[in-house]
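Below is one structure, written out as structure tokens; the observations come after it.
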Amino acid sequence: LYSYRPQDDIVVGTDMALRNRPEIEPLIGFFINLIPVRTDLRGNPSYRGLLARVREATLGANLHQEVPFDKLIEELQPERDPSYAPLVQVLFVLENVLMPVTDIAGVSLKPLEVESKASKFDLVMIHKEVGQNIIGSLMYNTDLFDASTVKEMIDSYERLLISITEQPALQLNDLQVQTLGDETRADAAPGFEEFMTAPPTMVRMSEESLINTSYLATDSTLPLVISPAVSGLDLAE
């Protein structure tokens with residue numbers, strides 16, 4: 001999110017199961033509560049530094065996880081708009097609780113994946129622990145994003161994860177979020193990166209050495225014809 005819109009204060013929501021007491025663990029019902037986690041990105045911290053900040057903010061939010069999200073909205077009274085959810089527009093969820101396997105004689109059971117056709121938030125990124133792997137999925141508001149844009153966001157996210165694992169001490173502004181498509185476009189223009197990073201150098205040239213002047217007709221002084229004497233010179237500039 002910071003790479004798309006750099007700002008020092010980003011709020012991301014996450015779901016809490018709210019089964020933190022032994023007496024409610026076996027109960028059937030929906031106990032999940034949404035909690036907002038506020039992240040401080042001031043000072044362009046390193047990834048490790050940011051991770052420490054997120055950990056502290058998440059632990060602080062967990063202390064108040066039983067406060068209903070609706071109650072939080074009621075107390076804070078944020079500006080409401082029917083086009084987006086209050087306080088939180090992006091969710092990041094980790095599902096690390098395995099579905100228990102129930103054995104019933106003569107019956108075979110397996111979880112049924114239910115495909116959701118609508119997103120209540122702008123973006124919802126869900127990660128699931130499956131064995132030694134983590135599988136991710138991204139839900140999005142089709143009024144704001146199209147499939148190609150979301151595909152590019154996923155590619156950038158994967159590239160960011162690789163950059164983090166390779167150099168976790170880098171600061172946020174130095175982390176690599178470039179996608180393969182971006183690299184391909186950059187390769188299509190050889191020397192462009194060197195051009196953009198080269199220090200400015202002053203070159204003194206006289207006006208006579210930059211342009212050639214002539215006349216449309218040999219016996220007249222107008223109109224004057226000006227042509228560049230140096231290749232690559234744009235007279236419009």
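Following the order of the structure tokens, first chain is A, next is B, and so on, with residues numbered from 1 inside each chain and ligands from 1 in the order they appear.
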* **Shell around stretch 135-137 of chain A at 8 Å using only C-alpha atoms, local window under 5 positions removed, as a PyMOL selection string** => chain A and resi 125-130
* To do: Tell me, in Å to one decimal, how far atom CA of A:Asp122 is from atom CA of A:Leu76.
  => 21.0 Å
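Between A:Pro168 and the candidates A:Gly49, A:Pro82, A:Pro36, A:Gly13, the tightest atom-to-atom separation, counting only C-alpha atoms, involves A:Gly49.
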* Which residue of A:Phe121, A:Asp15, A:Leu1, A:Arg38 approaches A:Glu95 most closely, using only C-alpha atoms ->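 So, comparing all the options, the nearest one is A:Asp15.
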* To do: Run DSSP on the backbone and give me the residues of stretch 5-54 of chain A it puts in alpha helix (DSSP H), as JSON, numbers by chain.
  => {"A": [47, 48, 49, 50, 51, 52, 53, 54]}
Those residues you just picked out, can you put them in a file as an mmCIF file, in the first residue's frame with C-alpha atoms?
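What landed in result27.cif:
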```cif
data_model
loop_
_atom_site.group_PDB
_atom_site.id
_atom_site.type_symbol
_atom_site.label_atom_id
_atom_site.label_comp_id
_atom_site.auth_asym_id
_atom_site.auth_seq_id
_atom_site.Cartn_x
_atom_site.Cartn_y
_atom_site.Cartn_z
ATOM 1 C CA TYR A 47 11.533 -3.591 6.917
ATOM 2 C CA ARG A 48 12.740 -5.028 10.214
ATOM 3 C CA GLY A 49 11.986 -1.752 11.943
ATOM 4 C CA LEU A 50 8.522 -1.638 10.367
ATOM 5 C CA LEU A 51 7.904 -5.249 11.384
ATOM 6 C CA ALA A 52 8.627 -4.323 15.000
ATOM 7 C CA ARG A 53 6.175 -1.407 14.766
ATOM 8 C CA VAL A 54 3.457 -3.614 13.249
#
```
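Using only C-alpha atoms, the nearest neighbour of A:Gln167 within the list A:Asn20, A:Val124, A:Ser46, A:Asp9 is A:Ser46.
The list of residues with at least one atom within 9 Å of A:Met16, based on only C-alpha atoms and without residues fewer than 5 positions apart in the same chain, reads Phe31, Ile32, Asn33, Leu34, Ile35, Asn62, Gln65, Glu66 and Val93 of chain A.
Restricting the calculation to only C-alpha atoms, the smallest distance between A:Gly131 and any of A:Ser108, A:Thr39, A:Asn96, A:Asn44 is found for A:Asn96.
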